[in-house]
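In what follows, a structure is listed as structure tokens, so that the remarks can point back to it.
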Amino acid sequence: MDPTGVRLVGISLGNIGSLHDGLGEFASQIGQRIARAAPEWRERLGVHFRFHLRPSLAGLFGTEVGYLPVHRWQRLRHVQPERYALWHSLHQLNKNRPPEGCPVRLVTVHDLNYLYGRNAWSTWRHHRRTRALLARTDHLVAISEHTAADVRRHLGWTRPIEVILNGARSFVDTPRRPLPGWEPDDPAAAARPFLFHLSRMAPSKNPQAIVALARAWPEMTFVLCGPPSDDARALRARVRLPNLQFHLGIDDAQKAWAYAHCAGFLFPSLTEGFGLPPIEAMHFGRPVFLARRTSLPEIGGEAAEYFDSFDPAAMKAVVERGLARWRTEPGRADAIRAHAARFDWDRAGAAYLALYRRLLGLPAPSTPG
């Protein structure tokens, strides 16, 4: 502790540069909750939060917290003029070391997806890097029980690991704007059902299975959206089907419209530590179709339908059965919404702040929050 009684807590985003993917969404949502609590923690507990991030993101969480710039040399040695009581790396891909002398080093592990589907060299390289990270870590958080089990099984972690489930934003109250070609006053477009997918469309997200399904199901329209990543652009350039649309770089209003109007949401991802888009779709009560892989059965629970095979005929049968169930089963949409409500960013943020209190030896708050 500083002689003045001040405790410094560092929250490291590492080299996250975009807030439009899963890691960016996590960092943004947890960071907002920490920043919201910062004035009370400073005044009552003498704890000051500082966010460690790219200089271009300085100021992201307002003026009640401090900011430290990320530098490449921090991958080799990280020295700060002030001592930090706790350093939290928000993801396991962060290559920057905690500051020297920090007694409590915490890492959130989102997934060990490199274990699934990579070649031997890539798996070895990622495994070596993750083991090195854990060697300089005191405490771990996993975002799902699946990820926690992977860490124990494959990394030999025997110390406690806490599971704090992610939240998932609800876009139900977000103003909505149709995707191009889906004008709100066009009765033909409004009556045309479509199946929606949202991801960066990397091979691990398995958009290739959706393309194969679209080829086998010409009567159904498929809408694939996501950030304009290299993978998404390449897939759009390579695939030309009359019933398959790509809309890259959509905003929240378009996303909300797509969730609200789709017949169902497809997410046949091969590797997930959590999976935010399926829960976002569930907030709208839409039927959601997931791969029975990695963390997705844990996250989707009984509210989702599952692909056990990526054969197009088998996938089509799962979707048709799930759509029929959604139309005919009383209360199905409400049950899906109730499941989505379990994943709350305020609850996740409160769990991280409670963990900080425990690791710093601070008293529990006298009132909730």
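Identifiers for the structure tokens are assigned positionally: chains receive A, B, ... in sequence, residues are indexed from 1 per chain, and ligands are indexed from 1 in the order shown.
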
Picked from segment 84-256 of chain A by DSSP as strand (DSSP E), as a VMD selection string: chain A and resid 86 to 89 105 to 109 139 to 142 161 to 163 194 to 198 221 to 226 244 to 248

Shell of 8 Å around Val318 of chain A, only C-alpha atoms, local chain residues under 3 positions omitted, as a list in words: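 So the residues in contact are Glu305, Tyr306, Phe307, Ala314, Met315, Arg321 and Gly322 of chain A.
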
Shell of 6 Å around Val47 of chain A, only C-alpha atoms, local chain residues under 4 positions omitted, as a list of chain:residue names: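 Here the qualifying residues turn out to be A:Val6, A:Arg7, A:Leu8, A:Trp41, A:Arg42.
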
Selection: 7 Å around segment 330-336 of chain A, only C-alpha atoms, excl. self and same-chain fewer than 5 positions, as a list in words: Met282, Gly285, Arg286 and Ala303 of chain A

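Residue nearest Met220 of chain A within the list A:Glu320, A:Ala142, A:Arg159, A:Pro268: A:Glu320 [criterion: smallest interatomic distance, only C-alpha atoms].
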
Selection: 7 Å around segment 91-102 of chain A, only C-alpha atoms, excl. self and same-chain fewer than 3 positions, as a PyMOL selection string: chain A and resi 14-15+74-75+77-80+83-87+105+107-110

Those residues with N, CA and C atoms, as a PDB file, in the first residue's frame please?
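The resulting file, selection28.pdb, is shown below:
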```
ATOM      1  N   GLY A  14      -4.826  -4.836 -22.372  1.00  0.00           N
ATOM      2  CA  GLY A  14      -3.792  -5.277 -23.299  1.00  0.00           C
ATOM      3  C   GLY A  14      -3.896  -4.528 -24.606  1.00  0.00           C
ATOM      4  N   ASN A  15      -3.743  -5.236 -25.705  1.00  0.00           N
ATOM      5  CA  ASN A  15      -3.731  -4.598 -27.022  1.00  0.00           C
ATOM      6  C   ASN A  15      -5.091  -4.601 -27.704  1.00  0.00           C
ATOM      7  N   GLN A  74       6.566  -3.716 -22.361  1.00  0.00           N
ATOM      8  CA  GLN A  74       5.953  -4.318 -21.181  1.00  0.00           C
ATOM      9  C   GLN A  74       5.776  -5.826 -21.336  1.00  0.00           C
ATOM     10  N   ARG A  75       5.986  -6.343 -22.534  1.00  0.00           N
ATOM     11  CA  ARG A  75       5.942  -7.794 -22.733  1.00  0.00           C
ATOM     12  C   ARG A  75       7.175  -8.462 -22.117  1.00  0.00           C
ATOM     13  N   ARG A  77       9.380  -6.598 -19.697  1.00  0.00           N
ATOM     14  CA  ARG A  77       9.515  -6.114 -18.325  1.00  0.00           C
ATOM     15  C   ARG A  77       8.574  -4.941 -18.138  1.00  0.00           C
ATOM     16  N   HIS A  78       7.830  -4.962 -17.047  1.00  0.00           N
ATOM     17  CA  HIS A  78       6.832  -3.914 -16.811  1.00  0.00           C
ATOM     18  C   HIS A  78       7.119  -3.271 -15.461  1.00  0.00           C
ATOM     19  N   VAL A  79       7.575  -2.041 -15.505  1.00  0.00           N
ATOM     20  CA  VAL A  79       7.902  -1.300 -14.287  1.00  0.00           C
ATOM     21  C   VAL A  79       7.033  -0.052 -14.230  1.00  0.00           C
ATOM     22  N   GLN A  80       6.388   0.162 -13.098  1.00  0.00           N
ATOM     23  CA  GLN A  80       5.621   1.377 -12.867  1.00  0.00           C
ATOM     24  C   GLN A  80       6.202   2.095 -11.652  1.00  0.00           C
ATOM     25  N   ARG A  83       3.458   1.363  -6.797  1.00  0.00           N
ATOM     26  CA  ARG A  83       3.183  -0.048  -6.575  1.00  0.00           C
ATOM     27  C   ARG A  83       1.688  -0.332  -6.718  1.00  0.00           C
ATOM     28  N   TYR A  84       1.375  -1.408  -7.418  1.00  0.00           N
ATOM     29  CA  TYR A  84      -0.018  -1.821  -7.594  1.00  0.00           C
ATOM     30  C   TYR A  84      -0.352  -2.939  -6.619  1.00  0.00           C
ATOM     31  N   ALA A  85      -1.511  -2.819  -5.980  1.00  0.00           N
ATOM     32  CA  ALA A  85      -1.946  -3.838  -5.025  1.00  0.00           C
ATOM     33  C   ALA A  85      -2.579  -5.034  -5.741  1.00  0.00           C
ATOM     34  N   LEU A  86      -3.181  -4.788  -6.911  1.00  0.00           N
ATOM     35  CA  LEU A  86      -3.835  -5.838  -7.677  1.00  0.00           C
ATOM     36  C   LEU A  86      -3.776  -5.471  -9.150  1.00  0.00           C
ATOM     37  N   TRP A  87      -3.513  -6.462  -9.977  1.00  0.00           N
ATOM     38  CA  TRP A  87      -3.467  -6.242 -11.429  1.00  0.00           C
ATOM     39  C   TRP A  87      -4.350  -7.303 -12.087  1.00  0.00           C
ATOM     40  N   ARG A 105      -2.060 -11.003  -8.765  1.00  0.00           N
ATOM     41  CA  ARG A 105      -2.171 -10.966 -10.237  1.00  0.00           C
ATOM     42  C   ARG A 105      -3.320 -11.880 -10.661  1.00  0.00           C
ATOM     43  N   VAL A 107      -6.150 -13.051 -13.729  1.00  0.00           N
ATOM     44  CA  VAL A 107      -6.399 -13.152 -15.173  1.00  0.00           C
ATOM     45  C   VAL A 107      -7.783 -13.761 -15.388  1.00  0.00           C
ATOM     46  N   THR A 108      -8.543 -13.188 -16.326  1.00  0.00           N
ATOM     47  CA  THR A 108      -9.778 -13.811 -16.790  1.00  0.00           C
ATOM     48  C   THR A 108      -9.464 -14.631 -18.037  1.00  0.00           C
ATOM     49  N   VAL A 109      -9.766 -15.911 -17.983  1.00  0.00           N
ATOM     50  CA  VAL A 109      -9.559 -16.809 -19.118  1.00  0.00           C
ATOM     51  C   VAL A 109     -10.901 -16.998 -19.820  1.00  0.00           C
ATOM     52  N   HIS A 110     -10.945 -16.645 -21.091  1.00  0.00           N
ATOM     53  CA  HIS A 110     -12.189 -16.737 -21.863  1.00  0.00           C
ATOM     54  C   HIS A 110     -12.339 -18.096 -22.537  1.00  0.00           C
TER      55      HIS A 110
END
```

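Residue nearest Leu296 of chain A, chosen from A:His261, A:Arg192, A:His247, A:His146 and counting only C-alpha atoms: A:His146.
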
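DSSP annotation of segment 152-237 of chain A from backbone atoms: helix (DSSP H, G or I) residues are Arg152, Arg153, His154, Leu155, Pro187, Ala188, Ala189, Ala190, Pro203, Ser204, Lys205, Pro207, Gln208, Ala209, Ile210, Val211, Ala212, Leu213, Ala214, Arg215, Ala216, Asp230, Asp231, Ala232, Arg233, Ala234, Leu235, Arg236 and Ala237 of chain A.
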
Counting only C-alpha atoms, the option among A:Gly24, A:Pro39, A:Gly273, A:Pro193 closest to Leu323 of chain A: A:Pro193

Glu43 of chain A environment, 12 Å, only C-alpha atoms, sequence neighbours closer than 5 positions dropped, as number ranges by chain: A: 5-7, 37-38, 48, 64

Output file for the selection above: N, CA and C atoms, as a PDB file, in the first residue's frame:
```
ATOM      1  N   GLY A   5      -1.955   5.616   2.073  1.00  0.00           N
ATOM      2  CA  GLY A   5      -3.126   4.774   2.276  1.00  0.00           C
ATOM      3  C   GLY A   5      -3.859   4.426   1.008  1.00  0.00           C
ATOM      4  N   VAL A   6      -3.323   4.836  -0.138  1.00  0.00           N
ATOM      5  CA  VAL A   6      -3.973   4.585  -1.427  1.00  0.00           C
ATOM      6  C   VAL A   6      -3.583   3.207  -1.944  1.00  0.00           C
ATOM      7  N   ARG A   7      -4.557   2.456  -2.398  1.00  0.00           N
ATOM      8  CA  ARG A   7      -4.305   1.198  -3.100  1.00  0.00           C
ATOM      9  C   ARG A   7      -4.587   1.416  -4.586  1.00  0.00           C
ATOM     10  N   ALA A  37     -18.263   2.282 -10.202  1.00  0.00           N
ATOM     11  CA  ALA A  37     -18.013   2.097  -8.771  1.00  0.00           C
ATOM     12  C   ALA A  37     -16.809   2.900  -8.282  1.00  0.00           C
ATOM     13  N   ALA A  38     -16.015   3.439  -9.185  1.00  0.00           N
ATOM     14  CA  ALA A  38     -14.727   4.047  -8.821  1.00  0.00           C
ATOM     15  C   ALA A  38     -14.826   5.168  -7.795  1.00  0.00           C
ATOM     16  N   HIS A  48      -7.885   3.251  -5.982  1.00  0.00           N
ATOM     17  CA  HIS A  48      -7.926   3.975  -7.246  1.00  0.00           C
ATOM     18  C   HIS A  48      -7.773   2.977  -8.398  1.00  0.00           C
ATOM     19  N   GLU A  64     -13.316   9.416 -13.837  1.00  0.00           N
ATOM     20  CA  GLU A  64     -13.210   8.962 -12.444  1.00  0.00           C
ATOM     21  C   GLU A  64     -12.141   7.887 -12.264  1.00  0.00           C
TER      22      GLU A  64
END
```

Who sits within 6 Å of Ser204 of chain A, only C-alpha atoms, same chain under 2 positions skipped, as a PyMOL selection string: chain A and resi 202+206+270

Can you write just those residues out, N, CA, C and O atoms, as a CSV table (one decimal), in the first residue's frame?
```csv
chain,number,residue,atom,x,y,z
A,202,ALA,N,-14.9,-16.2,-38.9
A,202,ALA,CA,-13.7,-17.0,-38.9
A,202,ALA,C,-14.1,-18.5,-39.1
A,202,ALA,O,-15.2,-18.9,-38.7
A,206,ASN,N,-17.7,-21.5,-38.0
A,206,ASN,CA,-18.4,-22.5,-38.8
A,206,ASN,C,-19.4,-21.9,-39.8
A,206,ASN,O,-20.5,-22.5,-40.0
A,270,LEU,N,-17.7,-23.9,-33.7
A,270,LEU,CA,-17.0,-25.1,-33.3
A,270,LEU,C,-16.3,-24.9,-31.9
A,270,LEU,O,-16.0,-25.9,-31.2
```
